[in-house]
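Student: Take a look at query-v6.tsv, TSV, C-alpha atoms:
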chain	number	residue	atom	x	y	z
A	1	LYS	CA	6.70	-25.28	26.76
A	2	ARG	CA	5.90	-23.14	29.82
A	3	ILE	CA	2.73	-25.12	30.56
A	4	PHE	CA	4.60	-28.43	30.20
A	5	ASN	CA	7.41	-27.29	32.52
A	6	ASP	CA	4.99	-25.88	35.11
A	7	THR	CA	2.91	-29.08	35.26
A	8	ASP	CA	3.60	-31.58	38.03
A	9	PRO	CA	5.98	-34.28	36.62
A	10	ASP	CA	3.67	-37.03	37.87
A	11	LEU	CA	0.80	-35.57	35.85
A	12	ARG	CA	2.95	-35.10	32.74
A	13	VAL	CA	3.69	-38.82	32.48
A	14	SER	CA	-0.01	-39.68	32.78
A	15	ALA	CA	-1.60	-41.14	29.66
A	16	ASN	CA	-4.40	-38.59	30.02
A	17	PHE	CA	-2.12	-35.53	30.06
A	18	ARG	CA	-2.76	-33.17	27.16
A	19	LEU	CA	-1.31	-29.86	26.14
A	20	PRO	CA	-3.71	-27.06	25.23
A	21	ALA	CA	-4.43	-26.47	21.58
A	22	VAL	CA	-2.00	-24.15	19.80
A	23	ILE	CA	-3.55	-22.04	17.05
A	24	PRO	CA	-1.20	-19.98	14.86
A	25	ILE	CA	-2.50	-16.48	14.13
A	26	ILE	CA	-0.98	-13.80	11.89
A	27	LEU	CA	-1.89	-10.18	12.50
A	28	TYR	CA	-1.34	-8.32	9.23
A	29	ASN	CA	-1.47	-4.53	8.89
A	30	GLY	CA	0.20	-4.06	5.50
A	31	GLY	CA	-1.31	-1.96	2.75
A	32	ASP	CA	-1.22	-4.64	0.03
A	33	ASN	CA	-3.34	-7.76	-0.10
A	34	TRP	CA	-1.95	-10.83	1.70
A	35	THR	CA	-0.66	-13.26	-0.95
A	36	ALA	CA	1.47	-15.73	1.03
A	37	VAL	CA	0.34	-19.36	1.29
A	38	LYS	CA	-1.81	-20.13	4.30
A	39	SER	CA	-0.76	-23.67	5.14
A	40	PHE	CA	2.53	-25.03	6.48
A	41	LYS	CA	2.72	-27.84	3.93
A	42	GLU	CA	2.77	-25.38	1.02
A	43	TYR	CA	6.09	-24.05	2.30
A	44	GLN	CA	7.63	-27.49	1.76
A	45	THR	CA	9.00	-28.93	-1.46
A	46	GLY	CA	7.24	-32.13	-2.51
A	47	TYR	CA	4.59	-31.87	0.21
A	48	ASP	CA	2.07	-33.62	-2.03
A	49	LEU	CA	4.17	-36.82	-1.91
A	50	ALA	CA	3.66	-37.15	1.85
A	51	GLY	CA	-0.11	-37.09	1.60
A	52	ALA	CA	-1.88	-37.04	4.97
A	53	ARG	CA	1.34	-38.03	6.77
A	54	GLY	CA	3.04	-34.69	6.19
A	55	ILE	CA	3.11	-32.13	8.98
A	56	ASP	CA	0.58	-29.45	8.24
A	57	TYR	CA	-1.46	-26.69	9.80
A	58	ARG	CA	-3.30	-23.60	8.61
A	59	TYR	CA	-2.98	-20.27	10.35
A	60	ILE	CA	-5.71	-17.73	10.98
A	61	LEU	CA	-5.12	-14.50	9.06
A	62	LEU	CA	-6.34	-11.31	10.73
A	63	ASP	CA	-6.04	-8.49	8.20
A	64	VAL	CA	-6.74	-5.41	10.35
A	65	ASN	CA	-7.30	-3.18	7.33
A	66	ARG	CA	-10.33	-5.24	6.33
A	67	TYR	CA	-12.13	-4.27	9.55
A	68	ARG	CA	-13.98	-0.96	9.72
A	69	GLU	CA	-12.72	1.43	12.38
A	70	GLU	CA	-16.22	1.91	13.81
A	71	THR	CA	-16.79	-1.85	14.04
A	72	LEU	CA	-13.58	-2.40	15.99
A	73	LEU	CA	-14.18	0.45	18.43
A	74	GLU	CA	-17.77	-0.65	19.07
A	75	LEU	CA	-16.47	-4.03	20.29
A	76	SER	CA	-14.82	-2.25	23.25
A	77	SER	CA	-12.25	-5.01	23.76
A	78	MET	CA	-8.51	-4.77	24.22
A	79	ILE	CA	-7.78	-6.84	21.09
A	80	ALA	CA	-10.19	-4.78	18.99
A	81	ALA	CA	-8.55	-1.59	20.27
A	82	MET	CA	-5.14	-2.91	19.21
A	83	PHE	CA	-6.51	-3.78	15.77
A	84	ALA	CA	-8.00	-0.30	15.41
A	85	LEU	CA	-4.67	1.30	16.33
A	86	ASP	CA	-2.72	-0.92	13.96
A	87	ARG	CA	-4.80	-0.17	10.86
A	88	LYS	CA	-3.10	1.74	8.05
A	89	GLN	CA	-4.37	5.31	8.39
A	90	ASP	CA	-3.33	8.94	8.23
A	91	THR	CA	-2.43	11.10	11.22
A	92	GLN	CA	-6.01	12.29	11.73
A	93	GLY	CA	-7.17	8.68	11.77
A	94	VAL	CA	-4.58	7.73	14.38
A	95	LYS	CA	-5.59	10.70	16.58
A	96	ARG	CA	-9.27	9.76	16.28
A	97	VAL	CA	-8.69	6.12	17.24
A	98	LEU	CA	-6.36	7.05	20.10
A	99	ALA	CA	-9.00	9.37	21.56
A	100	ALA	CA	-11.58	6.56	21.48
A	101	VAL	CA	-9.18	3.98	22.96
A	102	ILE	CA	-8.20	6.34	25.79
A	103	LYS	CA	-11.86	6.66	26.80
A	104	GLN	CA	-12.21	2.86	26.87
A	105	PHE	CA	-8.95	2.28	28.75
A	106	LYS	CA	-10.41	2.24	32.29
A	107	GLN	CA	-12.75	-0.65	31.51
A	108	PHE	CA	-9.92	-3.10	30.79
A	109	THR	CA	-8.22	-5.35	33.34
A	110	PRO	CA	-4.79	-4.32	34.73
A	111	ASP	CA	-3.03	-6.86	32.48
A	112	GLU	CA	-4.95	-5.65	29.44
A	113	GLN	CA	-4.12	-2.04	30.30
A	114	THR	CA	-0.42	-2.91	30.45
A	115	ASP	CA	-0.53	-4.62	27.04
A	116	LEU	CA	-2.58	-1.83	25.48
A	117	ALA	CA	-0.31	0.89	26.90
A	118	GLY	CA	2.65	-0.83	25.24
A	119	TRP	CA	0.74	-0.88	21.96
A	120	VAL	CA	-0.12	2.82	22.26
A	121	GLN	CA	3.55	3.55	22.92
A	122	ASP	CA	4.57	1.78	19.70
A	123	VAL	CA	1.96	3.75	17.73
A	124	LEU	CA	3.16	7.07	19.13
A	125	LEU	CA	6.85	6.30	18.57
A	126	ARG	CA	6.11	5.66	14.90
A	127	LYS	CA	5.07	9.30	14.69
A	128	THR	CA	7.67	10.93	16.91
A	129	LYS	CA	11.05	10.24	18.52
A	130	ASP	CA	10.16	12.35	21.57
A	131	ARG	CA	10.32	9.47	24.02
A	132	GLU	CA	10.04	11.69	27.09
A	133	THR	CA	6.70	13.17	26.01
A	134	VAL	CA	5.42	9.71	25.04
A	135	ARG	CA	6.47	8.33	28.42
A	136	ASP	CA	4.66	11.17	30.24
A	137	ALA	CA	1.52	10.59	28.15
A	138	LEU	CA	1.54	6.89	29.03
A	139	GLU	CA	1.90	7.66	32.74
A	140	HIS	CA	-1.24	9.79	32.58
A	141	LEU	CA	-2.96	7.00	30.62
A	142	LYS	CA	-2.14	4.42	33.30
A	143	LYS	CA	-3.46	6.76	36.00
A	144	GLY	CA	-6.77	7.03	34.16
A	145	GLU	CA	-6.32	10.74	33.47
A	146	ASP	CA	-7.93	10.52	30.04
A	147	ILE	CA	-8.42	14.27	29.56
A	148	VAL	CA	-4.77	15.00	30.38
A	149	VAL	CA	-3.40	12.25	28.14
A	150	THR	CA	-5.71	13.24	25.28
A	151	TYR	CA	-4.41	16.82	25.50
A	152	ALA	CA	-0.79	15.59	25.69
A	153	ILE	CA	-1.22	13.44	22.59
A	154	GLU	CA	-2.94	16.29	20.73
A	155	ARG	CA	0.03	18.54	21.49
A	156	LEU	CA	2.43	15.79	20.46
A	157	PHE	CA	0.78	15.39	17.06
A	158	ASP	CA	0.55	19.16	16.60
A	159	GLU	CA	4.31	19.40	17.13
A	160	VAL	CA	4.92	16.54	14.69
A	161	GLU	CA	2.78	18.28	12.06
A	162	GLU	CA	4.51	21.63	12.68
A	163	ARG	CA	7.92	20.03	12.24
A	164	GLY	CA	6.72	18.40	9.03
A	165	ILE	CA	5.53	21.75	7.69
A	166	GLU	CA	8.82	23.41	8.64
A	167	GLN	CA	10.80	20.65	6.97
A	168	GLY	CA	8.63	20.98	3.86
A	169	ILE	CA	9.23	24.74	3.73
A	170	GLU	CA	12.98	24.26	4.17
A	171	GLN	CA	13.06	21.64	1.42
A	172	GLY	CA	11.04	23.91	-0.85
A	173	ILE	CA	13.40	26.82	-0.27
A	174	GLU	CA	16.42	24.60	-0.89
A	175	GLN	CA	14.93	23.23	-4.11
A	176	GLY	CA	14.11	26.78	-5.25
A	177	ILE	CA	17.69	27.91	-4.67
A	178	GLU	CA	19.05	24.93	-6.56
A	179	LYS	CA	16.79	25.69	-9.56
A	180	THR	CA	18.03	29.29	-9.51
A	181	VAL	CA	21.66	28.12	-9.44
A	182	LEU	CA	21.05	25.81	-12.39
A	183	LYS	CA	19.66	28.72	-14.39
A	184	MET	CA	22.68	30.85	-13.45
A	185	LEU	CA	25.04	28.10	-14.54
A	186	GLN	CA	23.21	27.75	-17.84
A	187	LYS	CA	23.83	31.47	-18.41
A	188	ASN	CA	27.55	30.89	-17.61
A	189	MET	CA	27.56	33.27	-14.67
A	190	PRO	CA	30.83	33.27	-12.66
A	191	LEU	CA	30.87	30.78	-9.79
A	192	GLU	CA	32.01	33.46	-7.34
A	193	ILE	CA	28.93	35.58	-8.05
A	194	ILE	CA	26.60	32.56	-7.79
A	195	GLN	CA	28.10	31.67	-4.44
A	196	GLU	CA	27.82	35.25	-3.17
A	197	ILE	CA	24.14	35.55	-4.18
A	198	THR	CA	22.91	32.11	-3.08
A	199	GLU	CA	25.31	31.53	-0.14
A	200	LEU	CA	25.67	27.91	-1.24
A	201	SER	CA	28.99	26.16	-0.70
A	202	SER	CA	31.33	25.79	-3.65
A	203	GLU	CA	31.00	22.02	-3.31
A	204	LYS	CA	27.22	22.20	-3.74
A	205	ILE	CA	27.55	24.51	-6.75
A	206	PHE	CA	30.07	22.14	-8.37
A	207	GLU	CA	27.65	19.26	-7.70
A	208	LEU	CA	24.86	21.13	-9.51
A	209	GLN	CA	27.27	22.04	-12.29
A	210	GLU	CA	27.94	18.34	-12.85
A	211	GLN	CA	24.23	17.75	-13.30
A	212	LEU	CA	24.37	20.07	-16.32
A	213	GLY	CA	27.40	18.23	-17.66
A	214	HIS	CA	29.57	21.35	-17.57
Could the structure of this file be written out as structure tokens, please?

Tutor:
Amino acid sequence: KRIFNDTDPDLRVSANFRLPAVIPIILYNGGDNWTAVKSFKEYQTGYDLAGARGIDYRYILLDVNRYREETLLELSSMIAAMFALDRKQDTQGVKRVLAAVIKQFKQFTPDEQTDLAGWVQDVLLRKTKDRETVRDALEHLKKGEDIVVTYAIERLFDEVEERGIEQGIEQGIEQGIEKTVLKMLQKNMPLEIIQEITELSSEKIFELQEQLGH
């Protein structure tokens, strides 16, 4: 539509005027295999009745998880870098790919750098809600300060991992207390004593008591 609108009206009415080819592409980063139909006609009921007259096209499926990380990074292109970042991987994998992409960042054009920076931002915000730190890291990235941004991202991931460990410890402690309360309830200990020992609220103790059917 943009190309049509930006073309001189006199040229648009020419019999030789043509729009550029439009090729539908799906970028898929899911963990399961892609099972959806790959042609437009298969989305339509009774498409076989229309024969060759029915509207149809096939899209190109790019399943990023089918590409090896090393293969994508060796291509040293902006699109390949995006694919590498979008693959399903653990935190260590994300950190490894980010480090490689940051080193390649300077070789891309200004427009490519803008697009890639936005992609990096999305990847980081999936791991953390600390928008201020992410914004600072991206500013260093755009300035070409790869060592600084690599360190900033390392610290960001370290903090995410530390928070995850702390949350896991807290959940473990909470689950341990709840198991202890359940044992106390099974021994018919007074609720006042249970509350005094565990420091749980009476509401939480009653909730656990209901689990036992008391």

Student: Please tabulate, as CSV, the residues of stretch 67-137 of chain A that come within 12 Å of stretch 21-28 of chain A, each with its closest pair of atoms and the distance in Å to one decimal, counting all atoms listed in the file and ordering rows by chain, then residue number upward.

Tutor:
residue,atom,partner,partner_atom,distance
A:Tyr67,CA,A:Tyr28,CA,11.5
A:Ile79,CA,A:Leu27,CA,10.9
A:Ala80,CA,A:Leu27,CA,11.8
A:Met82,CA,A:Leu27,CA,10.4
A:Phe83,CA,A:Leu27,CA,8.5
A:Ala84,CA,A:Leu27,CA,12.0
A:Asp86,CA,A:Tyr28,CA,8.9
A:Arg87,CA,A:Tyr28,CA,9.0
A:Lys88,CA,A:Tyr28,CA,10.3

Student: Please produce a file of those selected residues containing C-alpha atoms, as a PDB file, in the coordinates of the input.

Tutor:
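The file below, part03.pdb, is the result:
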ATOM      1  CA  TYR A  67     -12.130  -4.270   9.550  1.00  0.00           C
ATOM      2  CA  ILE A  79      -7.780  -6.840  21.090  1.00  0.00           C
ATOM      3  CA  ALA A  80     -10.190  -4.780  18.990  1.00  0.00           C
ATOM      4  CA  MET A  82      -5.140  -2.910  19.210  1.00  0.00           C
ATOM      5  CA  PHE A  83      -6.510  -3.780  15.770  1.00  0.00           C
ATOM      6  CA  ALA A  84      -8.000  -0.300  15.410  1.00  0.00           C
ATOM      7  CA  ASP A  86      -2.720  -0.920  13.960  1.00  0.00           C
ATOM      8  CA  ARG A  87      -4.800  -0.170  10.860  1.00  0.00           C
ATOM      9  CA  LYS A  88      -3.100   1.740   8.050  1.00  0.00           C
TER      10      LYS A  88
END

Student: Applying 9 Å and only C-alpha atoms, which residues near A:Val97 remain after dropping the ones on its own chain fewer than 6 positions away? List them as a ChimeraX atom specification.

Tutor: /A:69,73,81,84-85

Student: Of the candidates A:Leu212, A:Ile147, A:Leu75, A:Ala50, which shows the shortest atom-to-atom distance to A:Lys179, using only C-alpha atoms?

Tutor: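 Residue with the minimum atom-to-atom distance to A:Lys179: A:Leu212.
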
Student: Would you list the residues near (1.6, 3.6, 24.2) (no more than 10 Å away, in the coordinates of the file, using only C-alpha atoms) as a short mmCIF file (atom, residue, chain, number, x, y, z; two decimals) with C-alpha atoms, in the frame of the given file?

Tutor:
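Once written, point39.cif looks like this:
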data_model
loop_
_atom_site.label_atom_id
_atom_site.label_comp_id
_atom_site.auth_asym_id
_atom_site.auth_seq_id
_atom_site.Cartn_x
_atom_site.Cartn_y
_atom_site.Cartn_z
CA LEU A 98 -6.36 7.05 20.10
CA THR A 114 -0.42 -2.91 30.45
CA ASP A 115 -0.53 -4.62 27.04
CA LEU A 116 -2.58 -1.83 25.48
CA ALA A 117 -0.31 0.89 26.90
CA GLY A 118 2.65 -0.83 25.24
CA TRP A 119 0.74 -0.88 21.96
CA VAL A 120 -0.12 2.82 22.26
CA GLN A 121 3.55 3.55 22.92
CA ASP A 122 4.57 1.78 19.70
CA VAL A 123 1.96 3.75 17.73
CA LEU A 124 3.16 7.07 19.13
CA LEU A 125 6.85 6.30 18.57
CA VAL A 134 5.42 9.71 25.04
CA ARG A 135 6.47 8.33 28.42
CA ALA A 137 1.52 10.59 28.15
CA LEU A 138 1.54 6.89 29.03
CA GLU A 139 1.90 7.66 32.74
CA LEU A 141 -2.96 7.00 30.62
CA LYS A 142 -2.14 4.42 33.30
#

Student: Tell me, as a list in words, which residues lie within 8 Å of stretch 99-109 of chain A, counting only C-alpha atoms; anything in the same chain fewer than 2 positions away does not count.

Tutor: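 So, after excluding close chain neighbours, the residues are Leu73, Ser76, Ser77, Met78, Ala81, Lys95, Arg96, Val97, Asp111, Glu112, Gln113, Leu141, Gly144, Asp146, Val149 and Thr150 of chain A.
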
Student: Would you be able to write out as a list in words which residues have an atom within 9 Å of (3.1, -24.2, 5.1) in the file's coordinates, counting all atoms listed in the file?

Tutor: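 Protein and nucleic acid residues near the point are Val37, Lys38, Ser39, Phe40, Lys41, Glu42, Tyr43, Gln44, Ile55, Asp56, Tyr57, Arg58 and Tyr59 of chain A.
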
Student: If you measure from atom CA of A:Arg126 to atom CA of A:Ala36, what distance in Å do you get, rounded to one decimal?

Tutor: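 Atom-to-atom, atom CA of A:Arg126 and atom CA of A:Ala36 are spaced 25.9 Å apart.
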
Student: When you draw a straight line from atom CA of A:Glu199 to atom CA of A:Leu185, how long is it in Å?

Tutor: 14.8 Å

Student: Reconstruct N, CA, C and O atoms of stretch 73-87 of chain A; output as a JSON list (two decimals), in the coordinates of the input.

Tutor:
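Okay, part_39.json is ready:
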[["chain", "number", "residue", "atom", "x", "y", "z"],
["A", 73, "LEU", "N", -14.02, -0.35, 17.22],
["A", 73, "LEU", "CA", -14.18, 0.45, 18.43],
["A", 73, "LEU", "C", -15.47, 0.11, 19.17],
["A", 73, "LEU", "O", -15.53, 0.19, 20.40],
["A", 74, "GLU", "N", -16.51, -0.28, 18.43],
["A", 74, "GLU", "CA", -17.77, -0.65, 19.07],
["A", 74, "GLU", "C", -17.64, -1.94, 19.89],
["A", 74, "GLU", "O", -18.41, -2.17, 20.82],
["A", 75, "LEU", "N", -16.67, -2.78, 19.55],
["A", 75, "LEU", "CA", -16.47, -4.03, 20.29],
["A", 75, "LEU", "C", -15.98, -3.79, 21.71],
["A", 75, "LEU", "O", -16.18, -4.60, 22.60],
["A", 76, "SER", "N", -15.30, -2.65, 21.91],
["A", 76, "SER", "CA", -14.82, -2.25, 23.25],
["A", 76, "SER", "C", -14.00, -3.34, 23.93],
["A", 76, "SER", "O", -14.17, -3.60, 25.13],
["A", 77, "SER", "N", -13.14, -4.01, 23.18],
["A", 77, "SER", "CA", -12.25, -5.01, 23.76],
["A", 77, "SER", "C", -10.81, -4.58, 23.53],
["A", 77, "SER", "O", -10.52, -3.77, 22.65],
["A", 78, "MET", "N", -9.91, -5.14, 24.33],
["A", 78, "MET", "CA", -8.51, -4.77, 24.22],
["A", 78, "MET", "C", -7.94, -5.17, 22.87],
["A", 78, "MET", "O", -7.23, -4.40, 22.22],
["A", 79, "ILE", "N", -8.27, -6.37, 22.38],
["A", 79, "ILE", "CA", -7.78, -6.84, 21.09],
["A", 79, "ILE", "C", -8.31, -5.96, 19.96],
["A", 79, "ILE", "O", -7.58, -5.58, 19.05],
["A", 80, "ALA", "N", -9.60, -5.63, 20.03],
["A", 80, "ALA", "CA", -10.19, -4.78, 18.99],
["A", 80, "ALA", "C", -9.55, -3.41, 18.99],
["A", 80, "ALA", "O", -9.32, -2.81, 17.93],
["A", 81, "ALA", "N", -9.22, -2.89, 20.18],
["A", 81, "ALA", "CA", -8.55, -1.59, 20.27],
["A", 81, "ALA", "C", -7.18, -1.65, 19.61],
["A", 81, "ALA", "O", -6.77, -0.72, 18.90],
["A", 82, "MET", "N", -6.45, -2.74, 19.84],
["A", 82, "MET", "CA", -5.14, -2.91, 19.21],
["A", 82, "MET", "C", -5.27, -2.97, 17.69],
["A", 82, "MET", "O", -4.48, -2.38, 16.96],
["A", 83, "PHE", "N", -6.29, -3.70, 17.22],
["A", 83, "PHE", "CA", -6.51, -3.78, 15.77],
["A", 83, "PHE", "C", -6.79, -2.40, 15.20],
["A", 83, "PHE", "O", -6.28, -2.04, 14.14],
["A", 84, "ALA", "N", -7.65, -1.64, 15.89],
["A", 84, "ALA", "CA", -8.00, -0.30, 15.41],
["A", 84, "ALA", "C", -6.77, 0.60, 15.34],
["A", 84, "ALA", "O", -6.61, 1.38, 14.39],
["A", 85, "LEU", "N", -5.89, 0.49, 16.32],
["A", 85, "LEU", "CA", -4.67, 1.30, 16.33],
["A", 85, "LEU", "C", -3.70, 0.88, 15.25],
["A", 85, "LEU", "O", -2.93, 1.70, 14.75],
["A", 86, "ASP", "N", -3.72, -0.39, 14.89],
["A", 86, "ASP", "CA", -2.72, -0.92, 13.96],
["A", 86, "ASP", "C", -3.14, -0.81, 12.51],
["A", 86, "ASP", "O", -2.38, -1.18, 11.62],
["A", 87, "ARG", "N", -4.36, -0.32, 12.25],
["A", 87, "ARG", "CA", -4.80, -0.17, 10.86],
["A", 87, "ARG", "C", -3.96, 0.89, 10.16],
["A", 87, "ARG", "O", -3.48, 1.84, 10.76]]
